[in-house]
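To start, the structure itself, in structure tokens.
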Amino acid sequence: MTEQEPLLEWVERVAMYLARDGVPPIAGRVLGWLMVCDPPEQSAGQISAAIGASRASLTSNLRLLTSMGFLTWRTRPGERTVYYRMAEDAWAVVTRKQIAGITSFLDITRDGLDLVGPEDERAARIRQAHTTFEWMATVFDNAPPLHPDPADNPAGDRDDEETP
């Protein structure tokens, strides 16, 4: 077994996990690879060689992951090659976008309830979605921040340290 085989098996696990939510397998492999590759910045050619994807499918999946907020890219002075890497705080950024989508869908379900009226039998189906998304919005609204804001603790004291 080569040194890279365990990494590629892990990359495949990432891809299969994300495929459950509709992420194309190639996009999942790209994401998994960029999470573990060294160096962390890779060209499309390097990514293609590592995960065994055609350049055509890789291009559209790199575009998809970039538009979702997972990847950033740059060129280097004097080169035409584009290098991709995981975006700073990618998972938090993408998750925040999904949470914002929950709020948007609540507005849609609210409008749907107004449209059909509360007593219409169709309202029950809309209400089910509305109740579920309302619950998720409440959970996220009450969740502690992922990264505590340093402004909330200007002295830099840590909660787990005792002050003399």
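How things are named: the first chain in the structure tokens is A, the next is B, and so on; residues count from 1 in each chain; ligands count from 1 in the order shown.
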- request: Apply DSSP to the structure's backbone, then extract all residues of stretch 80-135 of chain A labelled helix (DSSP H, G or I) and return them as a count of residues only.
  value: 42
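Compared by their closest atoms to A:Arg110, and using only C-alpha atoms, the residues A:Phe133, A:Asn61, A:Val94, A:Arg85 rank with A:Phe133 nearest.
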query: With distances taken over only C-alpha atoms, which of A:Ala143, A:Leu106, A:Leu115, A:Leu8 is nearest to A:Thr131?
result: A:Leu106
message: When DSSP is applied to the backbone of this structure, which of chain A are assigned strand (DSSP E or B)? Write them out as an MDAnalysis selection string.
response: chainID A and resid 42:43 71:75 82:86
field: Residue neighbourhood A:Met86, 10 Å, only C-alpha atoms, exclusion window fewer than 2 positions, as a list in words
entry: Val30, Leu31, Gly32, Trp33, Leu34, Met35, Pro40, Glu41, Gln42, Leu65, Thr66, Gly69, Phe70, Leu71, Thr72, Trp73, Tyr84, Glu88, Asp89, Ala90 and Trp91 of chain A
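Nearest residue to A:Met136, choosing from A:Val82, A:Ile51, A:Ile99, A:Val14 and counting only C-alpha atoms: A:Ile99.
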